[in-house]
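What follows is one structure encoded as structure tokens, with my remarks underneath.
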Amino acid sequence: MIRIIINRIGQGIITLFVLVTLTFFLVRAMPGSPYTEEKAIPAHTLQRMKEYTGLDQPLPVQYFRYLKNLIVHQDLGDVIKKDGVKVSEIIAESFPVSFGLGVLSIGIALMVGIPAGVLAAVRKNTATDFICLSAAMIGICLPSFVIGPLLAVFAGLGLDSLNVAGWSSPGDWILPAITLGLINAAYLARLARGGMLDVLSQDYIRTARAKGAPPTRIVIRHALRGGLIPAVAFIGPAFAGMISGSFVIETIFQIPGMGQHFVNAATDREFFLIQGLVLFYGFLIVGANLLADLAQIALNPRLRKS
Amino acid sequence: MFCRVIVRDLLLILALFPLLGSCQKESQVDQATREGILLLGNSGEPKGLDPHIVSGVLESNILRALFEGLITADPLHDNATPGGAALEVTPDATATVWTAKLRPDGKWSDGMPVTARDFAFSYERMLTPELGAKYADMLYFLKGAEDFNKGKTKDFSSVGVQVIDDDTLRLTLRGPTPFFRQVLKHFTWTAVPRHVVLKHGKIGQRGNPWTRPENIVGNGPYQLKSWRRNDHIDVTRNPFYWNAAHVTLNGIRFLPIGNPYTESRMFRDGQLHMTYTATPEVIDLMQKKHPEQLRQEPYVGTSFFRYNTTRQPLSDPRVRKALSYAIDRKAICGNVFRGFTPALSITPPMGDYRPPQDRGFDPEKARQALADAGYPGGRGFPRLKLLIASKETAATLAQATQAMWRNTLGIEIEIQNKEWNAYLVAMQQLDYDIANAGWIGDYLDPLTFLEMWTPDNGNNLTGWNNPAFAKLLQDSFQETDATKRFALLAQAESLLIEDAPVLFIAWQSRNYLLHPSVEGWNPLLLANNPYEMIRLIPGR
């Protein structure tokens with residue numbers, strides 16, 4: 001077990017290094033720079049601004065300087081267009097918000113998606129199965145920029161207790177959490193159904209039935225553990241994606257999370273911010289995958305042996 | 001049994017969520033109105049709060065609450081120039097040397113007096129090359145400012161800023177500038193507190209933390225209370241403001257809402273007193289449902305197309321004019337830009353300036369001009385590209401003009417849609433044929449729209465170079481008589497119309513939603529309304 005963990009951590013570090021390097025050069029290959037503005041910046045001012053951020057240096061110098069700051073000083077750099085603001089400050093401020101939204105959403109996704117998937121599998125080829133599957137398909141097909149505004153208009157404007165946007169009271173949290181949660185619930189439902197169907201046709205379930213075990217007990221005690229393995233494998237990266245923010249949800253519901261920074265940093269050519277966010281996101285994905293792997297091992301004794 | 005558990009769980013979840021939020025009954029706007037706090041949509045997160053570093057409109061909206069310049073905006077009249085931090089700013093006979101008499105009771109929000117030295121320090125800081133202030137050219141009106149900013153001299157005493165005593169500041173300009181009071185309203189001319197800036201860093205140091213929420217000090221009617229990035233900026237009354245007794249609002253909350261549809265939903269949900277903008281769809285909706293809450297007011301901005309005059313066939317003025325005459329601006333303003341006015345010059349109507357007018361929509365003349373240029377009926381005309389950025393109504397405008405050119409001139413123009421930064425790069429490198437663009441004036445004088453078309457200006461971007469145009473502008477810099485000066489500028493603008501490096505489309509308007517409880521928010525061309533005059537009336 002420890003060997004697996006060490007192995008995965010080693011792979012994770014290499015992945016992150018490649019990610020940092022690729023991001024560094026890719027963002028600089030985009031047309032434009034952080035200083036490209038509608039009102040042109042005079043050449044002499046532009047030179048001073050570049051000197052201040054070190055972007056006047058040749059690319060290799062910038063790269064090694066960035067790596068040095070990252071490894072030696074754990075410094076992700078400055079936000080270029082926001083004078084005196086550190087990338088780490090932006091992440092520290094926005095991550096807890098995205099994390100909160102992610103936890104709420106994954107809660108909804110789990111509470112809706114898993115039971116719906118299990119129910120569909122247990123009632124295979126019945127009206128219940130059809131309804132659950134259709135709902136899941138709609139959830140997967142409808143993008144969040146459709147569900148979000150629809151919920152905001154019909155639920156947010158209709159109910160006094162719900163706000164259409166913002167992030168300061170419980171009334172603000174509900175609609176974005178449902179929007180983000182339902183999309184993932186749809187995926188989870190399909191995966192849980194597939195996994196459960198697979199398990200429910202196994203010999204040991206038939207044996208349990210033959211022995212006269214009640215259906216609920218068979219599903220909960222015997223089938224669920226194995227049937228949820230595909231869903232658990234999905235939850236890891238999905239959770240990492242959800243807690244690192246969603247640009248669409250954050251824009252629709254005006255949430256001060258990390259997702260907005262991700263997209264705005266790319267359009268603004270905020271080199272250091274993009275690099276910092278990608279590194280942080282990469283770190284989350286690597287961590288979440290590691291946890292998902294460990295969870296799968298815990299659920300599946302065969303993996304433990306191998 | 002199992003199914004029942006699941007159904008119960010689902011019902012519980014659905015029931016629980018509205019309960020969580022049921023603590024709110026009074027809308028946020030009603031509560032804020034009662035507490036005297038204005039809730040404003042401000043379109044995005046500010047890049048900072050240092051008047052010497054930032055350059056955007058959304059930042060200026062916040063700076064206007066925190067800092068006060070020598071001259072301030074009048075709540076009713078665009079042309080009025082009431083004193084702010086200064087009691088009066090008076091010119092000499094040539095409008096070249098201006099003397100500002102500061103208020104003796106002017107104070108910073110930490111209680112320290114505002115002095116002429118603060119203003120002199122501020123102008124020196126803004127012009128110090130090491131600071132790399134983007135908007136330093138706004139101070140080039142000062143004699144010697146450009147040379148100092150470009151590092152040609154290191155001696156600030158060569159710049160026309162002189163402290164006579166603590167309350168008196170003398171500004172010597174590069175030439176007669178009768179409209180200087182209008183320029184002084186711009187936030188780049190406000191003072192920053194010398195004692196605070198120097199406490200946290202050096203004069204030309206970027207990244208000086210003096211504007212962080214725990215450090216910032218201003219001289220405006222409000223002071224910073226809290227700042228949560230991408231969420232809100234709260235300002236509250238500044239007790240040391242010289243006119244604090246007459247400040248009506250207790251505070252303002254600026255909300256950085258980037259998505260205009262979210263913003264309008266927040267307005268309709270009672271979360272905002274005022275939106276930053278209103279999209280055409282929202283305008284249509286509000287015109288039907290609540291026309292009294294929709295505001296459409298003139299704004300000092302122009303929408304236009306740039307021609308790349310260095311490329312064939314756009315190097316031929318007849319082709320450029322043909323394209324211009326083929327555009328039905330009225331149809332565009334009615335269907336694409338709600339509330340905009342058809343533009344027949346680059347300068348929108350302002351003050352006493354009467355710009356010369358272009359011909360406008362004239363299909364016959366358009367076809368004639370194209371035929372004269374060697375493309376009768378559009379035959380042989382190359383397939384040009386119209387560059388747009390993936391923003392707002394640009395695509396609709398492009399499709400409309402594409403159809404007008406096809407129908408009137410029989411030519412095909414291809415729309416080239418680029419991401420914002422790539423679009424700017426293409427325009428700045430003259431790597432385009434025709435490009436959609438816009439310009440917003442910094443102050444109320446035609447110069448803010450005309451200066452950019454001089455050959456060496458970084459915002460020209462058309463390749464157009466007419467020495468006579470530049471000469472007329474230079475002459476206007478030396479003219480002391482306001483009427484004659486306007487005549488020179490109008491002459492220059494006639495050359496711009498005659499050579500047509502630009503296709504004027506529309507003079508912009510500001511479309512936004514305003515809650516009925518807000519009183520005193522009057523239409524101003526620069527939308528620089530002083531907040532201290534706004535009242536919130538509960539129960540409306």
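Going by the structure tokens order, chains are called A, B, ..., each with residues numbered from 1, while ligands are numbered from 1 in the order shown.
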Excluding same-chain residues fewer than 3 positions from stretch 326-339 of chain B, what lies within 9 Å of it counting only C-alpha atoms, as a VMD selection string? chain B and resid 279 to 280 283 to 284 296 to 298 321 to 323 342 to 343 360 to 367 393 396 to 397 400 to 401 404 to 405 407 to 409 504 to 506 508 to 511
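Per DSSP on the backbone, helix (DSSP H, G or I) in stretch 443-474 of chain B comprises Leu447, Thr448, Phe449, Leu450, Glu451, Met452, Trp453, Pro467, Ala468, Phe469, Ala470, Lys471, Leu472, Leu473 and Gln474 of chain B.
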Within 9 Å of stretch 122-133 of chain A, counting only C-alpha atoms, which residues show up once you throw out same-chain ones fewer than 2 positions away? Write them as a PDB file with C-alpha atoms, in the first residue's frame, please.
```
ATOM      1  CA  ALA A 116     -31.232   7.362  -8.793  1.00  0.00           C
ATOM      2  CA  GLY A 117     -28.639   5.090 -10.415  1.00  0.00           C
ATOM      3  CA  VAL A 118     -29.158   2.320  -7.898  1.00  0.00           C
ATOM      4  CA  LEU A 119     -32.919   2.605  -8.218  1.00  0.00           C
ATOM      5  CA  ALA A 120     -32.699   2.401 -11.997  1.00  0.00           C
ATOM      6  CA  ALA A 135     -33.458  12.519 -16.472  1.00  0.00           C
ATOM      7  CA  ALA A 136     -29.763  11.651 -16.366  1.00  0.00           C
ATOM      8  CA  MET A 137     -29.467  12.025 -20.128  1.00  0.00           C
ATOM      9  CA  ILE A 138     -31.166  15.424 -19.988  1.00  0.00           C
ATOM     10  CA  ALA A 186     -26.546  12.773 -14.008  1.00  0.00           C
ATOM     11  CA  ALA A 189     -26.557   8.046 -11.916  1.00  0.00           C
ATOM     12  CA  ARG A 190     -25.475   6.474 -15.194  1.00  0.00           C
ATOM     13  CA  ARG A 193     -26.620   2.110 -12.733  1.00  0.00           C
ATOM     14  CA  MET A 196     -24.934  -2.011 -10.095  1.00  0.00           C
ATOM     15  CA  LEU A 197     -26.289  -3.934 -13.080  1.00  0.00           C
ATOM     16  CA  LEU A 200     -26.445  -7.638  -9.546  1.00  0.00           C
ATOM     17  CA  VAL A 219     -28.644  -4.137  -2.502  1.00  0.00           C
TER      18      VAL A 219
END
```
Nearest to A:Leu291, chosen from A:Arg8, A:Arg3, A:Arg269, A:Arg48, with only C-alpha atoms counted in the distances: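 With only C-alpha atoms as the atom set, the closest residue is A:Arg8.
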For stretch 74-91 of chain A, work out the shell of residues within 10 Å, counting only C-alpha atoms and skipping chain neighbours fewer than 3 positions away, then give it as a VMD selection string. (chain A and resid 34 to 35 49 to 50 52 to 53 55 66 to 71 94 to 96 244 257 to 258 261 265 268 to 277 279 to 280) or (chain B and resid 46 to 50 53 to 54 206 to 212 229)
Applying 10 Å and only C-alpha atoms, which residues near A:Gly241 remain after dropping the ones on its own chain fewer than 3 positions away? List them as an MDAnalysis selection string. chainID A and resid 98:99 102 235:238 244:246 259 281 284:285 288
Point-to-point distance in Å for atom CA of B:Glu498 and atom CA of B:Gly378: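 These atoms are spaced 22.0 Å apart.
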